[in-house]
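Undergrad: I have a structure here, written as structure tokens, and I will follow up with some questions on it.
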Amino acid sequence: MLIEAITLAALLSRRPPVQPTVTCHPGTVSYKFVGTPGTTFRYIGDTYSVPRNGSIELIGHGGDTQYQMGERTLPLDVWPIDAFGTRTVPLPKSE
């Protein structure tokens, strides 16, 4: 009888499960650089080259909102952001 009473008390005292709260990152998560294979650019101090598939995706690093092509420094956050926090950046043709 005691076990049944404990089991019944446990079942009756259960609260409905708490629904998780979804928190999305409000800014850019990554940048997808799209261009001609072999095009090189610099982002956060490192040099990258576009692979054969024509794009390379890099994780965003906080306040870094520019990239470099040759001697030019170009903005990143002018491109639209998708639902996953990715900005697709079309690279200018290499000189």
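Following the order of the structure tokens, first chain is A, next is B, and so on, with residues numbered from 1 inside each chain and ligands from 1 in the order they appear.
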So that I can see what lies close to Tyr67 of chain A, please list as a ChimeraX atom specification the residues with an atom at most 7 Å from it, counting only C-alpha atoms and leaving out residues fewer than 5 positions away in the same chain.

TA: /A:42-43,73-76

Undergrad: Quick one: write out the picked residues with N, CA and C atoms as a PDB file, in the first residue's frame?

TA:
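As written to disk, result-v6.pdb reads:
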ATOM      1  N   ARG A  42      41.800  37.892 -48.129  1.00  0.00           N
ATOM      2  CA  ARG A  42      42.232  37.809 -46.729  1.00  0.00           C
ATOM      3  C   ARG A  42      41.054  38.103 -45.817  1.00  0.00           C
ATOM      4  N   TYR A  43      40.933  37.299 -44.765  1.00  0.00           N
ATOM      5  CA  TYR A  43      39.902  37.500 -43.753  1.00  0.00           C
ATOM      6  C   TYR A  43      40.538  37.216 -42.397  1.00  0.00           C
ATOM      7  N   THR A  73      40.252  47.067 -49.075  1.00  0.00           N
ATOM      8  CA  THR A  73      39.519  46.560 -47.914  1.00  0.00           C
ATOM      9  C   THR A  73      38.048  46.773 -48.206  1.00  0.00           C
ATOM     10  N   LEU A  74      37.273  45.691 -48.125  1.00  0.00           N
ATOM     11  CA  LEU A  74      35.866  45.730 -48.506  1.00  0.00           C
ATOM     12  C   LEU A  74      34.976  45.319 -47.335  1.00  0.00           C
ATOM     13  N   PRO A  75      33.747  45.870 -47.256  1.00  0.00           N
ATOM     14  CA  PRO A  75      32.835  45.528 -46.165  1.00  0.00           C
ATOM     15  C   PRO A  75      32.167  44.171 -46.393  1.00  0.00           C
ATOM     16  N   LEU A  76      31.851  43.496 -45.303  1.00  0.00           N
ATOM     17  CA  LEU A  76      31.157  42.207 -45.367  1.00  0.00           C
ATOM     18  C   LEU A  76      29.666  42.334 -45.076  1.00  0.00           C
TER      19      LEU A  76
END

Undergrad: Write out as number ranges by chain the residues lying within 12 Å of Asn53 of chain A, counting only C-alpha atoms and excluding same-chain residues fewer than 3 positions away.

TA: A: 33-39, 49-50, 56-57

Undergrad: Which residue out of A:Val78, A:Thr88, A:Ile59, A:Ile44 has the minimum interatomic distance to Val29 of chain A when only C-alpha atoms are used?

TA: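 Of the candidates, the smallest distance to Val29 of chain A is held by A:Ile59.
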
Undergrad: So which residues touch Gly70 of chain A within 8 Å, counting only C-alpha atoms, skipping near sequence neighbours fewer than 2 positions away, as a ChimeraX atom specification?

TA: /A:41,68,72

Undergrad: Please produce a file of those selected residues containing N, CA and C atoms, as a CSV table (one decimal), in the first residue's frame.

TA:
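Produced file again_34.csv, reproduced below:
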chain,number,residue,atom,x,y,z
A,41,PHE,N,41.8,35.9,-51.2
A,41,PHE,CA,41.3,37.1,-50.3
A,41,PHE,C,41.9,36.8,-48.9
A,68,GLN,N,39.8,41.6,-47.3
A,68,GLN,CA,40.8,42.3,-48.2
A,68,GLN,C,40.9,41.5,-49.5
A,72,ARG,N,42.7,46.4,-51.6
A,72,ARG,CA,41.4,46.9,-51.2
A,72,ARG,C,40.8,46.3,-50.0

Undergrad: For Tyr48 of chain A, which residue out of A:Met69, A:Gly60, A:Pro26, A:Ala83 is the nearest one, using only C-alpha atoms?

TA: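 The answer is A:Met69, which sits nearest to Tyr48 of chain A.
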